[in-house]
file start.cif (mmCIF, C-alpha atoms)
data_model
loop_
_atom_site.label_atom_id
_atom_site.label_comp_id
_atom_site.auth_asym_id
_atom_site.auth_seq_id
_atom_site.Cartn_x
_atom_site.Cartn_y
_atom_site.Cartn_z
CA ARG A 1 0.48 21.23 18.38
CA SER A 2 4.08 20.54 17.32
CA LEU A 3 5.01 18.37 14.32
CA VAL A 4 6.47 15.77 16.66
CA GLY A 5 3.23 15.78 18.66
CA SER A 6 1.21 15.25 15.48
CA GLU A 7 3.41 12.36 14.39
CA MET A 8 3.20 10.78 17.84
CA CYS A 9 -0.61 10.95 17.59
CA ILE A 10 -0.48 9.29 14.15
CA ARG A 11 1.87 6.66 15.54
CA ASP A 12 -0.49 5.74 18.39
CA SER A 13 -3.52 5.56 16.07
CA PHE A 14 -1.62 3.52 13.52
CA ILE A 15 -0.35 0.96 16.01
CA THR A 16 -3.92 0.50 17.27
CA MET A 17 -5.13 -0.04 13.69
CA VAL A 18 -2.34 -2.51 12.85
CA SER A 19 -2.97 -4.58 16.00
CA HIS A 20 -6.60 -4.89 14.89
CA GLU A 21 -5.71 -5.72 11.27
CA PHE A 22 -3.28 -8.46 12.35
CA ARG A 23 -6.08 -10.54 13.84
CA SER A 24 -7.73 -11.44 10.53
CA PRO A 25 -4.59 -12.68 8.69
CA LEU A 26 -3.42 -14.58 11.78
CA THR A 27 -6.78 -16.34 11.91
CA LYS A 28 -6.44 -17.27 8.20
CA ILE A 29 -2.93 -18.63 8.75
CA LYS A 30 -4.13 -20.74 11.68
CA SER A 31 -7.09 -22.03 9.65
CA ALA A 32 -4.90 -23.02 6.69
CA ALA A 33 -2.36 -24.71 8.96
CA GLN A 34 -5.13 -26.65 10.74
CA MET A 35 -6.49 -27.88 7.41
CA ILE A 36 -3.06 -29.25 6.49
CA GLU A 37 -2.63 -30.79 9.95
CA LYS A 38 -6.05 -32.46 10.10
CA PHE A 39 -6.54 -33.49 6.49
CA GLY A 40 -2.96 -33.70 5.21
CA ASN A 41 -3.30 -37.38 4.29
CA LYS A 42 -6.47 -36.74 2.30
CA LEU A 43 -5.38 -33.56 0.50
CA THR A 44 -3.84 -33.74 -2.95
CA ASP A 45 -0.43 -32.17 -3.55
CA ASP A 46 -2.13 -29.31 -5.41
CA GLU A 47 -4.49 -28.67 -2.49
CA LYS A 48 -1.61 -28.68 -0.02
CA ASN A 49 0.36 -26.30 -2.21
CA GLU A 50 -2.67 -24.01 -2.40
CA TYR A 51 -2.89 -23.79 1.41
CA ILE A 52 0.87 -23.22 1.66
CA LYS A 53 0.69 -20.50 -1.01
CA ARG A 54 -2.17 -18.88 0.92
CA ILE A 55 -0.07 -18.81 4.10
CA ILE A 56 2.91 -17.29 2.24
CA ASN A 57 0.76 -14.55 0.69
CA ILE A 58 -0.80 -13.68 4.04
CA VAL A 59 2.67 -13.48 5.61
CA ASP A 60 3.67 -11.08 2.80
CA GLN A 61 0.63 -8.96 3.66
CA MET A 62 1.62 -8.92 7.33
CA SER A 63 5.19 -8.00 6.37
CA GLY A 64 3.76 -4.94 4.66
CA LEU A 65 1.97 -3.98 7.85
CA LEU A 66 5.18 -4.47 9.81
CA GLU A 67 7.05 -2.21 7.40
CA ASN A 68 4.46 0.44 8.23
CA VAL A 69 5.06 -0.06 11.95
CA SER A 70 8.76 0.49 11.27
CA LEU A 71 8.00 3.72 9.45
CA ILE A 72 5.26 5.09 11.70
CA GLY A 73 5.84 3.33 15.02
CA GLY A 74 9.62 3.42 15.22
CA THR A 75 12.34 5.99 15.67
CA ASP A 76 13.07 5.96 11.94
CA LEU A 77 9.91 8.01 11.42
CA PHE A 78 12.13 10.96 12.26
CA ASP A 79 15.46 9.68 10.92
CA LEU A 80 14.82 7.15 8.15
CA VAL A 81 17.89 6.56 6.00
CA PHE A 82 17.22 7.05 2.30
CA GLN A 83 18.62 3.92 0.61
CA PRO A 84 18.26 3.90 -3.18
CA LYS A 85 19.38 0.84 -5.10
CA GLU A 86 18.93 -0.65 -8.54
CA THR A 87 15.32 -1.80 -8.68
CA ASP A 88 13.24 -3.58 -11.29
CA VAL A 89 10.19 -1.38 -10.77
CA LEU A 90 7.76 -3.38 -12.90
CA LEU A 91 8.74 -6.63 -11.18
CA LEU A 92 8.28 -5.05 -7.73
CA LEU A 93 4.83 -3.69 -8.58
CA ASN A 94 3.67 -6.84 -10.36
CA GLN A 95 4.60 -8.97 -7.34
CA LEU A 96 2.93 -6.57 -4.89
CA ILE A 97 -0.26 -6.33 -6.94
CA SER A 98 -0.38 -10.10 -7.51
CA ASN A 99 -0.21 -10.71 -3.75
CA LEU A 100 -2.90 -8.10 -3.03
CA ASN A 101 -5.18 -9.60 -5.71
CA ILE A 102 -4.70 -13.11 -4.29
CA ASN A 103 -5.44 -11.89 -0.77
CA TYR A 104 -8.57 -10.15 -2.05
CA GLY A 105 -9.63 -13.27 -3.95
CA LYS A 106 -10.03 -11.58 -7.31
CA THR A 107 -7.24 -11.66 -9.90
CA ASP A 108 -8.25 -8.39 -11.60
CA LYS A 109 -9.18 -6.22 -8.60
CA ILE A 110 -6.02 -4.18 -9.24
CA VAL A 111 -4.87 -3.74 -12.84
CA LEU A 112 -1.39 -2.38 -13.63
CA THR A 113 -0.70 -0.72 -16.98
CA THR A 114 2.50 0.80 -18.36
CA ASP A 115 3.93 2.20 -21.57
CA SER A 116 7.38 0.74 -20.79
CA LYS A 117 8.69 -2.77 -21.43
CA LYS A 118 11.10 -2.49 -18.51
CA ILE A 119 11.86 0.10 -15.84
CA VAL A 120 15.11 -0.46 -13.96
CA ALA A 121 16.02 2.53 -11.82
CA PHE A 122 17.93 3.58 -8.72
CA ILE A 123 15.19 4.34 -6.20
CA ASP A 124 14.38 3.37 -2.62
CA ASP A 125 12.40 0.19 -3.29
CA ARG A 126 11.22 -0.02 0.32
CA LEU A 127 9.60 3.42 0.13
CA LEU A 128 7.99 2.65 -3.24
CA ARG A 129 6.56 -0.58 -1.81
CA ILE A 130 5.21 1.25 1.26
CA ILE A 131 3.63 3.97 -0.93
CA CYS A 132 1.83 1.48 -3.19
CA PHE A 133 0.90 -0.96 -0.41
CA ASN A 134 -0.76 1.73 1.70
CA ALA A 135 -2.59 3.44 -1.14
CA LEU A 136 -3.89 0.19 -2.65
CA THR A 137 -4.88 -1.52 0.62
CA ASN A 138 -6.80 1.58 1.70
CA ILE A 139 -8.64 1.72 -1.62
CA ILE A 140 -9.45 -2.01 -1.47
CA LYS A 141 -10.82 -1.73 2.09
CA ASN A 142 -13.01 1.28 1.30
CA SER A 143 -14.21 0.65 -2.27
CA ASN A 144 -17.13 -1.32 -3.69
CA GLU A 145 -16.51 -4.99 -4.33
CA GLU A 146 -17.08 -4.59 -8.06
CA ASP A 147 -14.79 -1.56 -8.40
CA GLN A 148 -11.58 -2.11 -10.31
CA ILE A 149 -8.44 -0.23 -9.27
CA ASN A 150 -6.41 1.05 -12.21
CA ILE A 151 -2.79 1.98 -11.61
CA PHE A 152 -0.33 3.24 -14.23
CA ILE A 153 3.48 3.32 -13.88
CA GLY A 154 5.85 5.04 -16.29
CA ASP A 155 9.09 6.99 -16.34
CA SER A 156 9.56 10.48 -17.73
CA ASP A 157 12.22 13.18 -17.38
CA GLY A 158 14.12 11.43 -14.61
CA GLU A 159 11.05 10.55 -12.54
CA LEU A 160 8.80 7.59 -11.92
CA VAL A 161 5.19 8.56 -12.60
CA LEU A 162 2.54 6.62 -10.69
CA ILE A 163 -1.12 7.34 -11.47
CA ILE A 164 -4.17 5.89 -9.71
CA ASN A 165 -7.34 6.99 -11.50
CA ASP A 166 -10.92 7.40 -10.31
CA ILE A 167 -10.46 6.34 -6.68
CA HIS A 168 -13.91 6.07 -5.08
CA LEU A 169 -14.04 5.56 -1.32
CA ASN A 170 -17.11 4.63 0.70
CA ILE A 171 -16.28 6.89 3.63
CA GLY A 172 -17.79 9.90 5.36
CA ARG A 173 -17.39 13.36 3.86
CA ASN A 174 -15.27 14.47 6.81
CA GLU A 175 -12.85 11.58 6.27
CA PHE A 176 -12.72 12.35 2.55
CA GLU A 177 -11.83 15.98 3.28
CA ILE A 178 -9.06 14.86 5.64
CA ILE A 179 -7.54 12.64 2.91
CA LYS A 180 -7.84 15.57 0.49
CA ARG A 181 -5.93 17.83 2.92
CA LEU A 182 -3.29 15.17 3.61
CA VAL A 183 -2.56 14.55 -0.06
CA SER A 184 -2.97 18.14 -1.30
CA GLU A 185 -1.09 19.92 1.48
CA GLY A 186 1.33 17.18 2.51
CA LYS A 187 0.99 18.04 6.19
CA MET A 188 0.52 15.73 9.16
CA ILE A 189 -2.92 16.08 10.79
CA ASP A 190 -3.82 15.39 14.42
CA ASP A 191 -6.31 12.70 15.49
CA LEU A 192 -6.61 10.91 12.16
CA PRO A 193 -9.53 8.47 11.69
CA SER A 194 -8.33 4.92 10.99
CA THR A 195 -9.58 5.20 7.37
CA CYS A 196 -7.10 8.01 6.73
CA ILE A 197 -3.93 6.68 8.37
CA ASN A 198 -2.70 4.78 5.28
CA TRP A 199 -2.67 8.06 3.35
CA SER A 200 -0.50 9.73 5.99
CA VAL A 201 2.03 6.92 5.41
CA VAL A 202 1.83 7.48 1.63
CA VAL A 203 2.46 11.21 2.04
CA LYS A 204 5.33 10.70 4.50
CA SER A 205 7.01 8.10 2.25
CA VAL A 206 6.72 10.28 -0.87
CA GLN A 207 8.27 13.18 1.04
CA LEU A 208 11.16 10.98 2.23
CA HIS A 209 11.85 10.13 -1.42
CA LYS A 210 11.79 13.88 -2.26
CA GLY A 211 8.77 13.25 -4.48
CA SER A 212 5.42 14.96 -4.94
CA ILE A 213 1.71 14.09 -5.06
CA LYS A 214 -0.92 15.85 -7.12
CA TYR A 215 -4.59 15.47 -6.18
CA PHE A 216 -7.49 15.76 -8.63
CA GLU A 217 -11.07 15.68 -7.35
CA LYS A 218 -13.35 13.88 -9.83
CA GLY A 219 -16.71 13.95 -8.06
CA GLU A 220 -18.34 12.97 -4.78
CA ASN A 221 -15.80 10.92 -2.78
CA THR A 222 -13.89 10.29 -6.01
CA PHE A 223 -10.40 11.48 -6.90
CA SER A 224 -7.24 10.64 -8.83
CA ILE A 225 -3.62 11.04 -7.76
CA ILE A 226 -0.33 11.42 -9.60
CA ILE A 227 2.82 10.57 -7.65
CA ASN A 228 6.19 11.67 -9.02
CA ILE A 229 9.29 10.00 -7.56
CA PRO A 230 12.78 11.20 -8.57
CA ILE A 231 15.07 8.57 -10.09
CA ILE A 232 18.66 8.79 -8.84
CA SER A 233 19.94 7.15 -12.04
CA GLN A 234 18.51 4.78 -14.60
CA LYS A 235 19.61 1.69 -16.51
CA ASN A 236 18.16 1.28 -19.98
#
call {"tool": "encode", "arguments": {"input": "start.cif", "output": "structure tokens"}}
result
Amino acid sequence: RSLVGSEMCIRDSFITMVSHEFRSPLTKIKSAAQMIEKFGNKLTDDEKNEYIKRIINIVDQMSGLLENVSLIGGTDLFDLVFQPKETDVLLLLNQLISNLNINYGKTDKIVLTTDSKKIVAFIDDRLLRIICFNALTNIIKNSNEEDQINIFIGDSDGELVLIINDIHLNIGRNEFEIIKRLVSEGKMIDDLPSTCINWSVVVKSVQLHKGSIKYFEKGENTFSIIINIPIISQKN
């Protein structure tokens, strides 16, 4: 099957998955709004602010899904314009991870470490956000509740280095092998299971940024990845 045919298949599967995943956050938004509407007079300012903050975070989550639709479901899958700009990388990742932790309900589900005090670089911030959002949301959905996700970000020799260690996914062996092929070979695969679609987005986004992914198998359904993303220029 042609590359375009493979990507069309991924697009159809992804749109189906996103339409399903939109239902849960929409229900949470409605529930929070109803609480404010019904009990607004009885809620304290802090309680109201907590519901409002919850709605904002869920909207951020849905915005991430919509960015994926733009990448996978739109014409820019084939002709996405690479748009690097000056980006505070640590700020971007800290905000993304904070929102994901809040949505998950556990402040230390994802832990970011770095050996840099500040990383300001010319990169495509949209692609970096899509890469991290898809990898981390997939790991959250398919890992044990008590598992902690450790992500490292650094810069070396003109590249951003992103490392996610000891990723353990509670999925079937066939699905695990598909993710292994996607990440190792960097090729689009037909008829992807829904548990693997996020990784196709990661691979596609890394390729659009002219980066690379290295895959390291660590045991049964466990692996680590290193993503290298070229920096156009850097501000110290």
call {"tool": "resolve_selection", "arguments": {"input": "start.cif", "expression": "the PyMOL selection byres ((chain A and resi 185) around 12)", "output": "list in words"}}
result
Glu177, Ile178, Ile179, Lys180, Arg181, Leu182, Val183, Ser184, Gly186, Lys187, Met188, Ile189, Ser200, Val203, Lys204, Gln207, Ser212, Ile213, Lys214 and Tyr215 of chain A
call {"tool": "residues_around", "arguments": {"input": "start.cif", "residues": "Asp115 (chain A)", "least_positions_apart": "5", "cutoff": "9 Å", "atoms": "all atoms listed in the file", "output": "ChimeraX atom specification"}}
result
/A:152-155
call {"tool": "write_last_selection", "arguments": {"input": "start.cif", "atoms": "C-alpha atoms", "output": "tab-separated table (two decimals), keeping the file's coordinate frame"}}
result
chain	number	residue	atom	x	y	z
A	152	PHE	CA	-0.33	3.24	-14.23
A	153	ILE	CA	3.48	3.32	-13.88
A	154	GLY	CA	5.85	5.04	-16.29
A	155	ASP	CA	9.09	6.99	-16.34
call {"tool": "closest_residue", "arguments": {"input": "start.cif", "among": "A:Leu112, A:Ile55, A:Val201, A:Ile167", "to": "Phe133 (chain A)", "atoms": "only C-alpha atoms"}}
result
A:Val201
call {"tool": "residues_around", "arguments": {"input": "start.cif", "residues": "Met35 (chain A)", "least_positions_apart": "2", "cutoff": "12 Å", "atoms": "all atoms listed in the file", "output": "PDB file with C-alpha atoms, keeping the file's coordinate frame"}}
result
ATOM      1  CA  LYS A  28      -6.440 -17.270   8.200  1.00  0.00           C
ATOM      2  CA  ILE A  29      -2.930 -18.630   8.750  1.00  0.00           C
ATOM      3  CA  LYS A  30      -4.130 -20.740  11.680  1.00  0.00           C
ATOM      4  CA  SER A  31      -7.090 -22.030   9.650  1.00  0.00           C
ATOM      5  CA  ALA A  32      -4.900 -23.020   6.690  1.00  0.00           C
ATOM      6  CA  ALA A  33      -2.360 -24.710   8.960  1.00  0.00           C
ATOM      7  CA  GLU A  37      -2.630 -30.790   9.950  1.00  0.00           C
ATOM      8  CA  LYS A  38      -6.050 -32.460  10.100  1.00  0.00           C
ATOM      9  CA  PHE A  39      -6.540 -33.490   6.490  1.00  0.00           C
ATOM     10  CA  GLY A  40      -2.960 -33.700   5.210  1.00  0.00           C
ATOM     11  CA  ASN A  41      -3.300 -37.380   4.290  1.00  0.00           C
ATOM     12  CA  LYS A  42      -6.470 -36.740   2.300  1.00  0.00           C
ATOM     13  CA  LEU A  43      -5.380 -33.560   0.500  1.00  0.00           C
ATOM     14  CA  GLU A  47      -4.490 -28.670  -2.490  1.00  0.00           C
ATOM     15  CA  LYS A  48      -1.610 -28.680  -0.020  1.00  0.00           C
ATOM     16  CA  ASN A  49       0.360 -26.300  -2.210  1.00  0.00           C
ATOM     17  CA  GLU A  50      -2.670 -24.010  -2.400  1.00  0.00           C
ATOM     18  CA  TYR A  51      -2.890 -23.790   1.410  1.00  0.00           C
ATOM     19  CA  ILE A  52       0.870 -23.220   1.660  1.00  0.00           C
ATOM     20  CA  ARG A  54      -2.170 -18.880   0.920  1.00  0.00           C
ATOM     21  CA  ILE A  55      -0.070 -18.810   4.100  1.00  0.00           C
TER      22      ILE A  55
END
call {"tool": "residues_around", "arguments": {"input": "start.cif", "residues": "Pro84 (chain A)", "least_positions_apart": "5", "cutoff": "8 Å", "atoms": "all atoms listed in the file", "output": "PyMOL selection string"}}
result
chain A and resi 122-125+232
call {"tool": "resolve_selection", "arguments": {"input": "start.cif", "expression": "the PyMOL selection byres ((chain A and resi 228) around 9)", "output": "PyMOL selection string"}}
result
chain A and resi 159-163+206+211-214+226-227+229-230
call {"tool": "resolve_selection", "arguments": {"input": "start.cif", "expression": "the PyMOL selection byres ((chain A and resi 58) around 9)", "output": "short mmCIF file (atom, residue, chain, number, x, y, z; two decimals) with C-alpha atoms, keeping the file's coordinate frame"}}
result
data_model
loop_
_atom_site.label_atom_id
_atom_site.label_comp_id
_atom_site.auth_asym_id
_atom_site.auth_seq_id
_atom_site.Cartn_x
_atom_site.Cartn_y
_atom_site.Cartn_z
CA PRO A 25 -4.59 -12.68 8.69
CA LEU A 26 -3.42 -14.58 11.78
CA LYS A 28 -6.44 -17.27 8.20
CA ILE A 29 -2.93 -18.63 8.75
CA LYS A 53 0.69 -20.50 -1.01
CA ARG A 54 -2.17 -18.88 0.92
CA ILE A 55 -0.07 -18.81 4.10
CA ILE A 56 2.91 -17.29 2.24
CA ASN A 57 0.76 -14.55 0.69
CA VAL A 59 2.67 -13.48 5.61
CA ASP A 60 3.67 -11.08 2.80
CA GLN A 61 0.63 -8.96 3.66
CA MET A 62 1.62 -8.92 7.33
CA SER A 63 5.19 -8.00 6.37
CA ASN A 99 -0.21 -10.71 -3.75
CA ASN A 103 -5.44 -11.89 -0.77
#
call {"tool": "closest_residue", "arguments": {"input": "start.cif", "among": "A:Thr113, A:Gln34, A:Ser156, A:Asn101", "to": "Ile231 (chain A)", "atoms": "all atoms listed in the file"}}
result
A:Ser156
call {"tool": "closest_residue", "arguments": {"input": "start.cif", "among": "A:Thr87, A:Thr114, A:Thr107, A:Ser143", "to": "Leu128 (chain A)", "atoms": "all atoms listed in the file"}}
result
A:Thr87
call {"tool": "atom_distance", "arguments": {"input": "start.cif", "atom1": "CA of His168 (chain A)", "atom2": "CA of Cys132 (chain A)"}}
result
16.5 Å
call {"tool": "closest_residue", "arguments": {"input": "start.cif", "among": "A:Asn138, A:Lys85, A:Gln95, A:Gln148", "to": "Lys109 (chain A)", "atoms": "only C-alpha atoms"}}
result
A:Gln148
call {"tool": "atom_distance", "arguments": {"input": "start.cif", "atom1": "CA of Asp191 (chain A)", "atom2": "CA of Leu208 (chain A)"}}
result
22.0 Å
call {"tool": "atom_distance", "arguments": {"input": "start.cif", "atom1": "CA of Val89 (chain A)", "atom2": "CA of Leu127 (chain A)"}}
result
11.9 Å
call {"tool": "closest_residue", "arguments": {"input": "start.cif", "among": "A:Ile97, A:Leu91, A:Val202, A:Ile225", "to": "Lys118 (chain A)", "atoms": "all atoms listed in the file"}}
result
A:Leu91
call {"tool": "residues_around", "arguments": {"input": "start.cif", "residues": "Asp166 (chain A)", "least_positions_apart": "3", "cutoff": "10 Å", "atoms": "all atoms listed in the file", "output": "PDB file with C-alpha atoms, in the frame of the given file"}}
result
ATOM      1  CA  ASP A 147     -14.790  -1.560  -8.400  1.00  0.00           C
ATOM      2  CA  GLN A 148     -11.580  -2.110 -10.310  1.00  0.00           C
ATOM      3  CA  ILE A 149      -8.440  -0.230  -9.270  1.00  0.00           C
ATOM      4  CA  ASN A 150      -6.410   1.050 -12.210  1.00  0.00           C
ATOM      5  CA  ILE A 151      -2.790   1.980 -11.610  1.00  0.00           C
ATOM      6  CA  ILE A 163      -1.120   7.340 -11.470  1.00  0.00           C
ATOM      7  CA  LEU A 169     -14.040   5.560  -1.320  1.00  0.00           C
ATOM      8  CA  PHE A 216      -7.490  15.760  -8.630  1.00  0.00           C
ATOM      9  CA  GLU A 217     -11.070  15.680  -7.350  1.00  0.00           C
ATOM     10  CA  LYS A 218     -13.350  13.880  -9.830  1.00  0.00           C
ATOM     11  CA  GLY A 219     -16.710  13.950  -8.060  1.00  0.00           C
ATOM     12  CA  ASN A 221     -15.800  10.920  -2.780  1.00  0.00           C
ATOM     13  CA  THR A 222     -13.890  10.290  -6.010  1.00  0.00           C
ATOM     14  CA  PHE A 223     -10.400  11.480  -6.900  1.00  0.00           C
ATOM     15  CA  SER A 224      -7.240  10.640  -8.830  1.00  0.00           C
ATOM     16  CA  ILE A 225      -3.620  11.040  -7.760  1.00  0.00           C
TER      17      ILE A 225
END
call {"tool": "closest_residue", "arguments": {"input": "start.cif", "among": "A:Ser24, A:Gln83, A:Ser194, A:Thr44", "to": "His209 (chain A)", "atoms": "all atoms listed in the file"}}
result
A:Gln83
call {"tool": "axis_aligned_box", "arguments": {"input": "start.cif", "around": "region 126-130 of chain A", "padding_each_side": "4 Å", "output": "lines of an AutoDock Vina configuration file"}}
result
center_x = 8.2
center_y = 1.4
center_z = -1.0
size_x = 14.0
size_y = 12.0
size_z = 12.5
call {"tool": "build_atoms", "arguments": {"input": "start.cif", "residues": "region 184-195 of chain A", "atoms": "N, CA, C and O atoms", "output": "CSV table (one decimal), keeping the file's coordinate frame"}}
result
chain,number,residue,atom,x,y,z
A,184,SER,N,-3.2,16.8,-0.6
A,184,SER,CA,-3.0,18.1,-1.3
A,184,SER,C,-1.9,19.0,-0.6
A,184,SER,O,-1.1,19.6,-1.3
A,185,GLU,N,-2.0,19.0,0.7
A,185,GLU,CA,-1.1,19.9,1.5
A,185,GLU,C,0.2,19.2,2.0
A,185,GLU,O,1.2,19.9,2.3
A,186,GLY,N,0.2,17.9,2.1
A,186,GLY,CA,1.3,17.2,2.5
A,186,GLY,C,1.7,17.4,3.9
A,186,GLY,O,2.9,17.3,4.3
A,187,LYS,N,0.7,17.8,4.8
A,187,LYS,CA,1.0,18.0,6.2
A,187,LYS,C,0.4,17.0,7.1
A,187,LYS,O,-0.7,16.5,6.8
A,188,MET,N,1.1,16.7,8.2
A,188,MET,CA,0.5,15.7,9.2
A,188,MET,C,-0.7,16.4,9.9
A,188,MET,O,-0.7,17.6,10.2
A,189,ILE,N,-1.7,15.6,10.2
A,189,ILE,CA,-2.9,16.1,10.8
A,189,ILE,C,-3.2,15.3,12.1
A,189,ILE,O,-3.0,14.1,12.1
A,190,ASP,N,-3.6,16.0,13.1
A,190,ASP,CA,-3.8,15.4,14.4
A,190,ASP,C,-5.1,14.5,14.4
A,190,ASP,O,-6.0,14.8,13.6
A,191,ASP,N,-5.1,13.5,15.2
A,191,ASP,CA,-6.3,12.7,15.5
A,191,ASP,C,-6.9,12.2,14.2
A,191,ASP,O,-8.1,12.3,13.9
A,192,LEU,N,-6.1,11.5,13.4
A,192,LEU,CA,-6.6,10.9,12.2
A,192,LEU,C,-7.6,9.7,12.4
A,192,LEU,O,-7.3,8.9,13.2
A,193,PRO,N,-8.7,9.7,11.7
A,193,PRO,CA,-9.5,8.5,11.7
A,193,PRO,C,-8.7,7.3,11.1
A,193,PRO,O,-7.8,7.5,10.3
A,194,SER,N,-9.1,6.1,11.5
A,194,SER,CA,-8.3,4.9,11.0
A,194,SER,C,-8.4,4.8,9.5
A,194,SER,O,-7.4,4.3,8.9
A,195,THR,N,-9.5,5.3,8.8
A,195,THR,CA,-9.6,5.2,7.4
A,195,THR,C,-8.6,6.1,6.6
A,195,THR,O,-8.4,6.0,5.4
